[in-house]
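The next block is structure.cif, given as mmCIF, C-alpha atoms.
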data_start
loop_
_atom_site.label_atom_id
_atom_site.label_comp_id
_atom_site.auth_asym_id
_atom_site.auth_seq_id
_atom_site.Cartn_x
_atom_site.Cartn_y
_atom_site.Cartn_z
CA MET A 5 -26.76 -27.61 -8.94
CA SER A 6 -27.19 -24.98 -6.19
CA VAL A 7 -28.23 -21.37 -6.72
CA PHE A 8 -24.70 -20.27 -5.86
CA ASP A 9 -23.25 -22.48 -8.60
CA ARG A 10 -25.36 -20.61 -11.15
CA ILE A 11 -24.35 -17.12 -10.01
CA GLU A 12 -21.13 -15.36 -10.95
CA LEU A 13 -19.25 -13.39 -8.29
CA ALA A 14 -18.84 -10.57 -10.81
CA ASP A 15 -22.63 -10.11 -10.89
CA LEU A 16 -22.70 -9.93 -7.09
CA ARG A 17 -20.00 -7.26 -7.18
CA VAL A 18 -22.04 -5.26 -9.70
CA PHE A 19 -25.01 -5.47 -7.36
CA LEU A 20 -23.00 -4.27 -4.34
CA THR A 21 -21.51 -1.39 -6.30
CA ILE A 22 -24.97 -0.27 -7.46
CA MET A 23 -26.12 -0.47 -3.83
CA ARG A 24 -23.26 1.81 -2.74
CA THR A 25 -23.61 4.36 -5.55
CA ARG A 26 -27.41 4.14 -6.01
CA SER A 27 -26.72 4.54 -9.72
CA PHE A 28 -26.23 2.13 -12.61
CA LYS A 29 -24.11 4.71 -14.45
CA ALA A 30 -21.83 5.44 -11.49
CA ALA A 31 -21.44 1.74 -10.73
CA ALA A 32 -20.61 1.00 -14.37
CA ILE A 33 -17.92 3.73 -14.39
CA GLN A 34 -16.34 2.38 -11.20
CA LEU A 35 -16.28 -1.17 -12.55
CA GLY A 36 -15.15 -0.26 -16.06
CA LEU A 37 -18.40 -1.45 -17.63
CA THR A 38 -21.05 0.10 -19.83
CA PRO A 39 -24.37 0.95 -18.13
CA SER A 40 -26.07 -1.63 -20.33
CA ALA A 41 -23.63 -4.32 -19.14
CA ALA A 42 -24.34 -3.41 -15.51
CA SER A 43 -28.08 -3.54 -16.19
CA HIS A 44 -27.73 -6.92 -17.90
CA ALA A 45 -25.75 -8.28 -14.93
CA MET A 46 -28.53 -7.21 -12.56
CA ARG A 47 -31.24 -8.80 -14.71
CA ARG A 48 -29.22 -12.02 -14.85
CA LEU A 49 -28.73 -12.02 -11.08
CA GLU A 50 -32.41 -11.38 -10.32
CA GLU A 51 -33.50 -14.07 -12.78
CA ARG A 52 -31.19 -16.66 -11.24
CA LEU A 53 -32.27 -15.76 -7.71
CA GLY A 54 -35.90 -15.52 -8.66
CA ALA A 55 -36.21 -12.32 -6.61
CA LYS A 56 -36.35 -8.59 -7.25
CA LEU A 57 -33.39 -6.82 -5.65
CA LEU A 58 -33.70 -3.26 -6.96
CA ASN A 59 -36.52 -0.89 -7.81
CA ARG A 60 -35.57 1.23 -10.81
CA SER A 61 -37.02 4.50 -12.04
CA SER A 62 -35.81 7.14 -14.48
CA ARG A 63 -34.38 9.15 -11.58
CA ALA A 64 -33.35 6.74 -8.84
CA VAL A 65 -32.38 3.22 -7.86
CA ALA A 66 -33.65 1.87 -4.53
CA PRO A 67 -33.16 -1.57 -2.97
CA THR A 68 -36.03 -3.84 -2.09
CA ASP A 69 -36.12 -5.43 1.36
CA THR A 70 -34.65 -8.57 -0.20
CA GLY A 71 -31.92 -6.49 -1.81
CA LEU A 72 -31.01 -4.83 1.49
CA ALA A 73 -30.79 -8.16 3.28
CA LEU A 74 -28.69 -9.74 0.53
CA ALA A 75 -26.30 -6.76 0.37
CA ALA A 76 -25.65 -6.92 4.12
CA ARG A 77 -24.76 -10.61 3.96
CA LEU A 78 -22.66 -10.20 0.82
CA GLU A 79 -20.57 -7.45 2.44
CA GLU A 80 -19.79 -9.88 5.26
CA GLY A 81 -18.91 -12.56 2.73
CA PHE A 82 -16.59 -10.37 0.68
CA ASP A 83 -14.89 -9.15 3.87
CA THR A 84 -14.31 -12.78 4.87
CA ILE A 85 -12.80 -13.52 1.46
CA GLY A 86 -10.61 -10.42 1.76
CA HIS A 87 -9.35 -11.43 5.20
CA ALA A 88 -8.53 -14.91 3.90
CA LEU A 89 -6.54 -13.50 0.99
CA ALA A 90 -4.73 -11.00 3.23
CA GLU A 91 -3.68 -13.76 5.62
CA ILE A 92 -1.79 -15.46 2.80
CA ASP A 93 0.61 -12.48 2.92
CA ALA A 94 0.47 -12.06 6.67
CA PRO A 95 3.39 -14.11 8.04
CA GLY A 96 5.76 -11.14 7.71
CA ALA A 97 6.67 -11.91 4.11
CA GLY A 98 8.16 -8.65 2.89
CA ARG A 99 5.72 -6.48 4.86
CA PHE A 100 2.79 -8.06 2.97
CA GLY A 101 4.87 -8.49 -0.15
CA GLU A 102 2.83 -6.42 -2.59
CA LEU A 103 0.98 -3.11 -2.56
CA ARG A 104 -1.29 -2.00 -5.41
CA ILE A 105 -2.74 1.51 -5.44
CA ASN A 106 -4.83 3.45 -7.94
CA VAL A 107 -4.24 7.20 -8.17
CA PHE A 108 -5.16 10.04 -10.47
CA ALA A 109 -2.46 11.86 -12.40
CA ASP A 110 -2.08 14.96 -10.23
CA ALA A 111 -1.74 12.81 -7.10
CA ALA A 112 0.87 10.66 -8.80
CA HIS A 113 2.89 13.77 -9.63
CA LEU A 114 2.46 15.57 -6.30
CA MET A 115 2.20 12.72 -3.77
CA ILE A 116 3.58 9.44 -5.10
CA ALA A 117 6.66 10.47 -7.10
CA PRO A 118 8.27 12.46 -4.24
CA ALA A 119 7.60 9.59 -1.80
CA LEU A 120 9.11 6.80 -3.90
CA PRO A 121 12.80 7.16 -2.90
CA GLU A 122 12.08 6.93 0.83
CA PHE A 123 9.49 4.19 0.34
CA ALA A 124 12.00 2.09 -1.62
CA ARG A 125 14.53 2.54 1.19
CA LEU A 126 12.12 1.65 4.01
CA CYS A 127 10.31 -1.18 2.18
CA PRO A 128 13.00 -2.71 -0.04
CA HIS A 129 11.16 -6.03 -0.48
CA VAL A 130 7.70 -4.67 -1.28
CA LYS A 131 6.45 -4.88 -4.85
CA LEU A 132 4.67 -1.54 -5.35
CA THR A 133 2.35 -1.13 -8.33
CA VAL A 134 0.97 2.35 -9.02
CA VAL A 135 -1.78 2.57 -11.64
CA VAL A 136 -2.47 6.12 -12.79
CA GLU A 137 -5.93 6.84 -14.20
CA ASP A 138 -8.38 9.67 -13.74
CA ARG A 139 -11.65 7.77 -14.05
CA PRO A 140 -13.44 6.76 -10.84
CA ILE A 141 -13.23 3.03 -10.10
CA ASP A 142 -14.16 0.50 -7.43
CA ILE A 143 -10.73 -0.23 -5.93
CA VAL A 144 -11.93 -3.41 -4.21
CA ALA A 145 -13.35 -4.85 -7.41
CA GLY A 146 -10.20 -3.76 -9.25
CA GLY A 147 -7.94 -5.62 -6.83
CA TYR A 148 -6.28 -2.55 -5.35
CA ASP A 149 -5.18 -2.13 -1.74
CA ALA A 150 -5.86 1.61 -1.76
CA GLY A 151 -6.53 4.65 -3.90
CA ILE A 152 -5.96 8.39 -3.82
CA ARG A 153 -8.73 10.84 -4.65
CA TYR A 154 -10.00 14.20 -3.41
CA GLY A 155 -11.98 13.88 -0.19
CA ASP A 156 -15.36 14.52 -1.78
CA TYR A 157 -14.79 11.68 -4.28
CA VAL A 158 -14.03 8.98 -1.69
CA PRO A 159 -16.84 6.38 -1.36
CA GLU A 160 -18.63 6.58 1.96
CA ASP A 161 -17.92 2.97 2.90
CA MET A 162 -14.15 3.47 2.79
CA ILE A 163 -11.62 4.56 5.41
CA ALA A 164 -10.09 7.85 4.28
CA VAL A 165 -6.87 9.48 5.52
CA PRO A 166 -5.98 13.07 4.48
CA LEU A 167 -2.61 13.38 2.76
CA SER A 168 -2.54 17.16 2.34
CA GLY A 169 -4.19 20.37 3.36
CA PRO A 170 -6.99 21.99 1.31
CA GLN A 171 -6.10 22.68 -2.31
CA ARG A 172 -6.58 25.80 -4.44
CA TRP A 173 -7.89 25.78 -8.00
CA VAL A 174 -6.76 28.76 -10.08
CA VAL A 175 -6.99 30.22 -13.57
CA ALA A 176 -3.56 30.68 -15.15
CA GLY A 177 -2.12 31.85 -18.45
CA SER A 178 1.24 32.56 -20.01
CA PRO A 179 2.66 36.11 -20.06
CA ASP A 180 2.51 36.01 -23.87
CA TYR A 181 -1.18 35.04 -23.93
CA LEU A 182 -2.06 37.74 -21.38
CA ALA A 183 -0.13 40.36 -23.32
CA ARG A 184 -2.05 39.47 -26.50
CA HIS A 185 -5.53 39.03 -25.02
CA GLY A 186 -5.51 41.08 -21.84
CA VAL A 187 -5.83 40.08 -18.20
CA PRO A 188 -9.37 39.14 -17.10
CA ARG A 189 -10.50 41.13 -14.07
CA ARG A 190 -14.01 39.72 -13.55
CA LEU A 191 -15.47 36.27 -14.03
CA GLU A 192 -17.58 37.67 -16.86
CA ASP A 193 -14.36 38.55 -18.73
CA LEU A 194 -13.67 34.85 -19.30
CA ALA A 195 -16.35 34.90 -22.00
CA GLN A 196 -13.91 36.89 -24.16
CA HIS A 197 -11.03 34.45 -23.72
CA SER A 198 -9.91 31.10 -25.11
CA CYS A 199 -10.15 28.61 -22.25
CA LEU A 200 -8.72 25.10 -22.24
CA GLN A 201 -11.63 22.75 -21.62
CA LEU A 202 -11.36 19.90 -19.11
CA LEU A 203 -12.53 16.37 -19.85
CA LEU A 204 -13.17 14.22 -16.79
CA GLY A 205 -12.36 10.54 -16.45
CA ASP A 206 -15.96 9.59 -17.21
CA ASN A 207 -15.80 11.65 -20.44
CA SER A 208 -18.03 14.42 -19.11
CA SER A 209 -17.13 18.09 -19.53
CA TYR A 210 -16.12 19.96 -16.38
CA ARG A 211 -17.40 23.37 -15.41
CA TRP A 212 -14.73 25.63 -13.95
CA GLU A 213 -15.57 26.06 -10.27
CA LEU A 214 -14.60 29.48 -8.98
CA SER A 215 -15.46 31.30 -5.78
CA SER A 216 -17.72 34.32 -5.52
CA GLY A 217 -14.74 36.45 -4.61
CA ALA A 218 -16.14 37.29 -1.16
CA SER A 219 -13.50 36.91 1.49
CA GLY A 220 -15.76 35.15 3.97
CA SER A 221 -14.96 34.69 7.65
CA GLY A 222 -15.53 32.21 10.41
CA ALA A 223 -17.74 29.35 9.30
CA HIS A 224 -18.82 31.16 6.16
CA LYS A 225 -16.83 30.22 3.05
CA PRO A 226 -17.09 31.97 -0.31
CA ALA A 227 -19.75 30.35 -2.45
CA LYS A 228 -18.64 28.45 -5.54
CA ARG A 229 -19.93 29.05 -9.03
CA GLY A 230 -19.76 26.49 -11.83
CA ILE A 231 -18.94 28.37 -15.01
CA ARG A 232 -19.12 27.25 -18.63
CA VAL A 233 -16.19 28.88 -20.39
CA PRO A 234 -15.55 29.21 -24.14
CA GLY A 235 -12.80 27.29 -25.87
CA LEU A 236 -12.31 24.88 -28.77
CA ILE A 237 -9.58 22.69 -27.24
CA THR A 238 -10.51 19.98 -24.73
CA ILE A 239 -7.88 18.02 -22.80
CA ASN A 240 -8.19 15.29 -20.18
CA ASP A 241 -4.56 15.42 -19.00
CA THR A 242 -3.05 18.00 -16.64
CA ALA A 243 0.47 17.85 -18.08
CA THR A 244 -0.83 18.55 -21.59
CA THR A 245 -3.02 21.38 -20.30
CA ILE A 246 -0.02 22.97 -18.59
CA THR A 247 2.06 22.69 -21.76
CA ALA A 248 -0.71 24.25 -23.85
CA ALA A 249 -1.19 27.10 -21.37
CA LYS A 250 2.56 27.81 -21.30
CA ALA A 251 2.54 27.90 -25.11
CA GLY A 252 -0.12 30.63 -25.06
CA VAL A 253 -2.95 28.49 -26.46
CA GLY A 254 -5.37 29.66 -23.78
CA LEU A 255 -6.16 30.02 -20.10
CA GLY A 256 -6.03 26.87 -17.97
CA TYR A 257 -7.98 25.88 -14.86
CA LEU A 258 -5.40 24.13 -12.71
CA LEU A 259 -4.47 22.95 -9.27
CA GLU A 260 -2.17 25.65 -7.90
CA SER A 261 0.19 23.16 -6.25
CA ARG A 262 0.52 21.35 -9.60
CA ILE A 263 1.93 24.45 -11.32
CA ALA A 264 4.15 25.69 -8.47
CA ALA A 265 7.30 25.37 -10.62
CA GLU A 266 5.72 27.21 -13.56
CA LEU A 267 4.53 30.02 -11.30
CA ALA A 268 7.96 30.30 -9.68
CA GLU A 269 9.78 30.50 -13.04
CA GLY A 270 7.19 32.91 -14.49
CA SER A 271 6.06 30.77 -17.43
CA LEU A 272 2.50 30.91 -16.02
CA ARG A 273 0.68 33.62 -14.07
CA VAL A 274 -2.42 33.29 -11.91
CA VAL A 275 -5.28 35.58 -12.91
CA LEU A 276 -8.55 36.23 -11.09
CA ASP A 277 -6.73 35.24 -7.90
CA GLU A 278 -9.52 36.47 -5.63
CA PHE A 279 -11.85 33.99 -7.34
CA ALA A 280 -9.65 30.93 -6.76
CA ALA A 281 -11.69 28.03 -5.40
CA ARG A 282 -10.85 26.09 -2.27
CA GLY A 283 -10.77 22.35 -2.97
CA GLU A 284 -10.77 19.20 -0.87
CA PRO A 285 -7.47 17.72 0.38
CA PHE A 286 -5.99 14.62 -1.21
CA HIS A 287 -6.99 11.44 0.64
CA MET A 288 -5.67 7.90 0.69
CA TYR A 289 -8.64 5.55 1.01
CA TYR A 290 -9.02 1.82 1.49
CA SER A 291 -11.44 -0.80 2.78
CA SER A 292 -11.47 -1.76 6.46
CA ARG A 293 -9.81 -5.09 5.76
CA ARG A 294 -6.72 -3.35 4.37
CA HIS A 295 -6.04 -1.06 7.34
CA ASN A 296 -3.29 -3.32 8.75
CA HIS A 297 -1.19 -3.36 5.55
CA PRO A 298 2.16 -2.12 6.96
CA ALA A 299 3.60 -0.95 3.63
CA LEU A 300 0.48 1.15 3.02
CA ARG A 301 0.87 2.72 6.46
CA THR A 302 4.51 3.48 5.66
CA LEU A 303 3.61 5.14 2.36
CA VAL A 304 0.89 7.25 4.02
CA ASP A 305 3.31 8.42 6.72
CA ILE A 306 5.95 9.37 4.16
CA ILE A 307 3.49 11.45 2.15
CA ARG A 308 2.05 13.13 5.26
CA ARG A 309 5.55 14.07 6.47
CA GLN A 310 6.42 15.53 3.08
CA GLN A 311 3.17 17.53 3.15
CA SER A 312 4.01 18.87 6.64
CA LEU A 313 1.31 16.77 8.31
CA GLY A 314 1.92 14.52 11.29
CA GLU A 315 2.22 10.76 10.97
CA LEU A 316 -0.80 8.60 11.70
CA ARG A 317 -1.22 7.47 15.29
#

Will you turn the file into structure tokens for me?
Amino acid sequence: MSVFDRIELADLRVFLTIMRTRSFKAAAIQLGLTPSAASHAMRRLEERLGAKLLNRSSRAVAPTDTGLALAARLEEGFDTIGHALAEIDAPGAGRFGELRINVFADAAHLMIAPALPEFARLCPHVKLTVVVEDRPIDIVAGGYDAGIRYGDYVPEDMIAVPLSGPQRWVVAGSPDYLARHGVPRRLEDLAQHSCLQLLLGDNSSYRWELSSGASGSGAHKPAKRGIRVPGLITINDTATTITAAKAGVGLGYLLESRIAAELAEGSLRVVLDEFAARGEPFHMYYSSRRHNHPALRTLVDIIRRQQSLGELR
């Protein structure tokens, strides 16, 4: 029995993900594992190879020379496997036949849903699967052709295409709530308010990021401050947060484009507008071996047109 016969491909994928993220915890989140499961997979792989691949400390993970060499060869191998699988779809069968993308909820609402009618018209034979989840994942390991995330959350080894302009994050409340509790004028005023807490996809609590309020000019942007705000209700879903804010439960920290309808109808009002934070654009990202997927290119172009951006060249 060869060494390869005794090694599972899943363990090799865990190793590559740890190499990319330099973190057992981040790799485990991307792969949908517990950190202990990722650690166990690495121990199993090193034992079967009879070689140390990673140096671990309480603060960092660093590859050994053997680990670096193995990772480089494995990337080539997984790319070869990916090309082989892609070629099965290649002979023009329904513009690659199937497209699977992983997106977070706000992107599904703002980017995917408006694009679906035109995509269905232009790609009538493509089976499109959209999986909506807010936790970070490894799209390659998950079997996805592409994903949508904010630019600063896209892995460095992926091709990323902007789908929108920069986003704005704002604090908003209902007219009823503001009438009862007053309108905050300074960031310090938030300490006297009920704020709807955000729970991220990895189950960590999110600090509200707001700007310093300075206008800034040229290359200088207002600095951001991460603020812990008071509040007894924690929600990990934007739609529920919007509903709670409209009902007067508390102030919400929301993507401005996500509440455009509520702002237009007056059921929510932006407060502390001068402290709104500038966020990264939405990006479609994918591995290099997926860049020729024609249905993916079509979907990207539809979204970019709807966001008043030019098509890809």

message = What's around segment 40-44 of chain A at 8 Å? Count all atoms listed in the file, leave out sequence neighbours fewer than 4 positions away in its own chain, and write the answer as a ChimeraX atom specification.
response = /A:18,28,31-32,48

note = Judged by only C-alpha atoms, the minimum distance to Glu278 of chain A among A:Ala251, A:Leu214, A:Ala124, A:Val165 is found for A:Leu214

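With all atoms listed in the file as the basis for measurement, A:Thr245 is the residue among A:Ser271, A:Thr245, A:Thr133, A:Gln171 that approaches Leu200 of chain A most closely.
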
task = Enter the distance from atom CA of Thr25 of chain A to atom CA of Thr70 of chain A, in Å, rounded to one decimal.
result =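 These two atoms are separated by 17.8 Å.
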
query = Between A:Leu267, A:Ala164, A:His287, A:Pro128, which is the closest to Pro179 of chain A once you count all atoms listed in the file?
reply =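 Checking each candidate against Pro179 of chain A, we get A:Leu267 as the closest.
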
task = For Gly254 of chain A, work out the shell of residues within 7 Å, counting all atoms listed in the file and skipping chain neighbours fewer than 2 positions away, then give it as a list in words.
result =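 Listing them by chain and then by number gives Gly177, Tyr181, Ser198, Cys199, Leu200, Ala249, Gly252 and Gly256 of chain A.
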
Apply the PyMOL selection byres ((chain A and resi 47) around 12) to the displayed file and report the matching residues as a PDB file with C-alpha atoms, keeping the file's coordinate frame.
ATOM      1  CA  ILE A  11     -24.350 -17.120 -10.010  1.00  0.00           C
ATOM      2  CA  ASP A  15     -22.630 -10.110 -10.890  1.00  0.00           C
ATOM      3  CA  LEU A  16     -22.700  -9.930  -7.090  1.00  0.00           C
ATOM      4  CA  VAL A  18     -22.040  -5.260  -9.700  1.00  0.00           C
ATOM      5  CA  PHE A  19     -25.010  -5.470  -7.360  1.00  0.00           C
ATOM      6  CA  SER A  40     -26.070  -1.630 -20.330  1.00  0.00           C
ATOM      7  CA  ALA A  41     -23.630  -4.320 -19.140  1.00  0.00           C
ATOM      8  CA  ALA A  42     -24.340  -3.410 -15.510  1.00  0.00           C
ATOM      9  CA  SER A  43     -28.080  -3.540 -16.190  1.00  0.00           C
ATOM     10  CA  HIS A  44     -27.730  -6.920 -17.900  1.00  0.00           C
ATOM     11  CA  ALA A  45     -25.750  -8.280 -14.930  1.00  0.00           C
ATOM     12  CA  MET A  46     -28.530  -7.210 -12.560  1.00  0.00           C
ATOM     13  CA  ARG A  48     -29.220 -12.020 -14.850  1.00  0.00           C
ATOM     14  CA  LEU A  49     -28.730 -12.020 -11.080  1.00  0.00           C
ATOM     15  CA  GLU A  50     -32.410 -11.380 -10.320  1.00  0.00           C
ATOM     16  CA  GLU A  51     -33.500 -14.070 -12.780  1.00  0.00           C
ATOM     17  CA  ARG A  52     -31.190 -16.660 -11.240  1.00  0.00           C
ATOM     18  CA  LEU A  53     -32.270 -15.760  -7.710  1.00  0.00           C
ATOM     19  CA  GLY A  54     -35.900 -15.520  -8.660  1.00  0.00           C
ATOM     20  CA  ALA A  55     -36.210 -12.320  -6.610  1.00  0.00           C
ATOM     21  CA  LYS A  56     -36.350  -8.590  -7.250  1.00  0.00           C
ATOM     22  CA  LEU A  57     -33.390  -6.820  -5.650  1.00  0.00           C
ATOM     23  CA  LEU A  58     -33.700  -3.260  -6.960  1.00  0.00           C
ATOM     24  CA  ASN A  59     -36.520  -0.890  -7.810  1.00  0.00           C
ATOM     25  CA  ARG A  60     -35.570   1.230 -10.810  1.00  0.00           C
TER      26      ARG A  60
END

inquiry  = So that I can see what lies close to Lys29 of chain A, please list as an MDAnalysis selection string the residues with an atom at most 8 Å from it, counting all atoms listed in the file and leaving out residues fewer than 3 positions away in the same chain.
reply    = chainID A and resid 32:33 38:39

inquiry  = Could you list, as a ChimeraX atom specification, every residue matched by the PyMOL selection byres ((chain A and resi 190) around 12) in this structure?
reply    = /A:175,186-189,191-197,214-217,275-280

task = Would you mind listing what lies within 8 Å of Glu102 of chain A as a ChimeraX atom specification, with all atoms listed in the file counted and same-chain residues fewer than 5 positions away left out?
result = /A:130-133

task = Identify which of the residues A:Leu167, A:Ala109, A:Cys127, A:Val65 lies closest to Leu313 of chain A, counting all atoms listed in the file when measuring atom-to-atom distances.
result =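 The answer is A:Leu167, which sits nearest to Leu313 of chain A.
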
key: Output check: residues returned by the PyMOL selection byres ((chain A and resi 306) around 12), as an NGL selection string   = :A and (115-127 or 167-168 or 299-305 or 307-316)
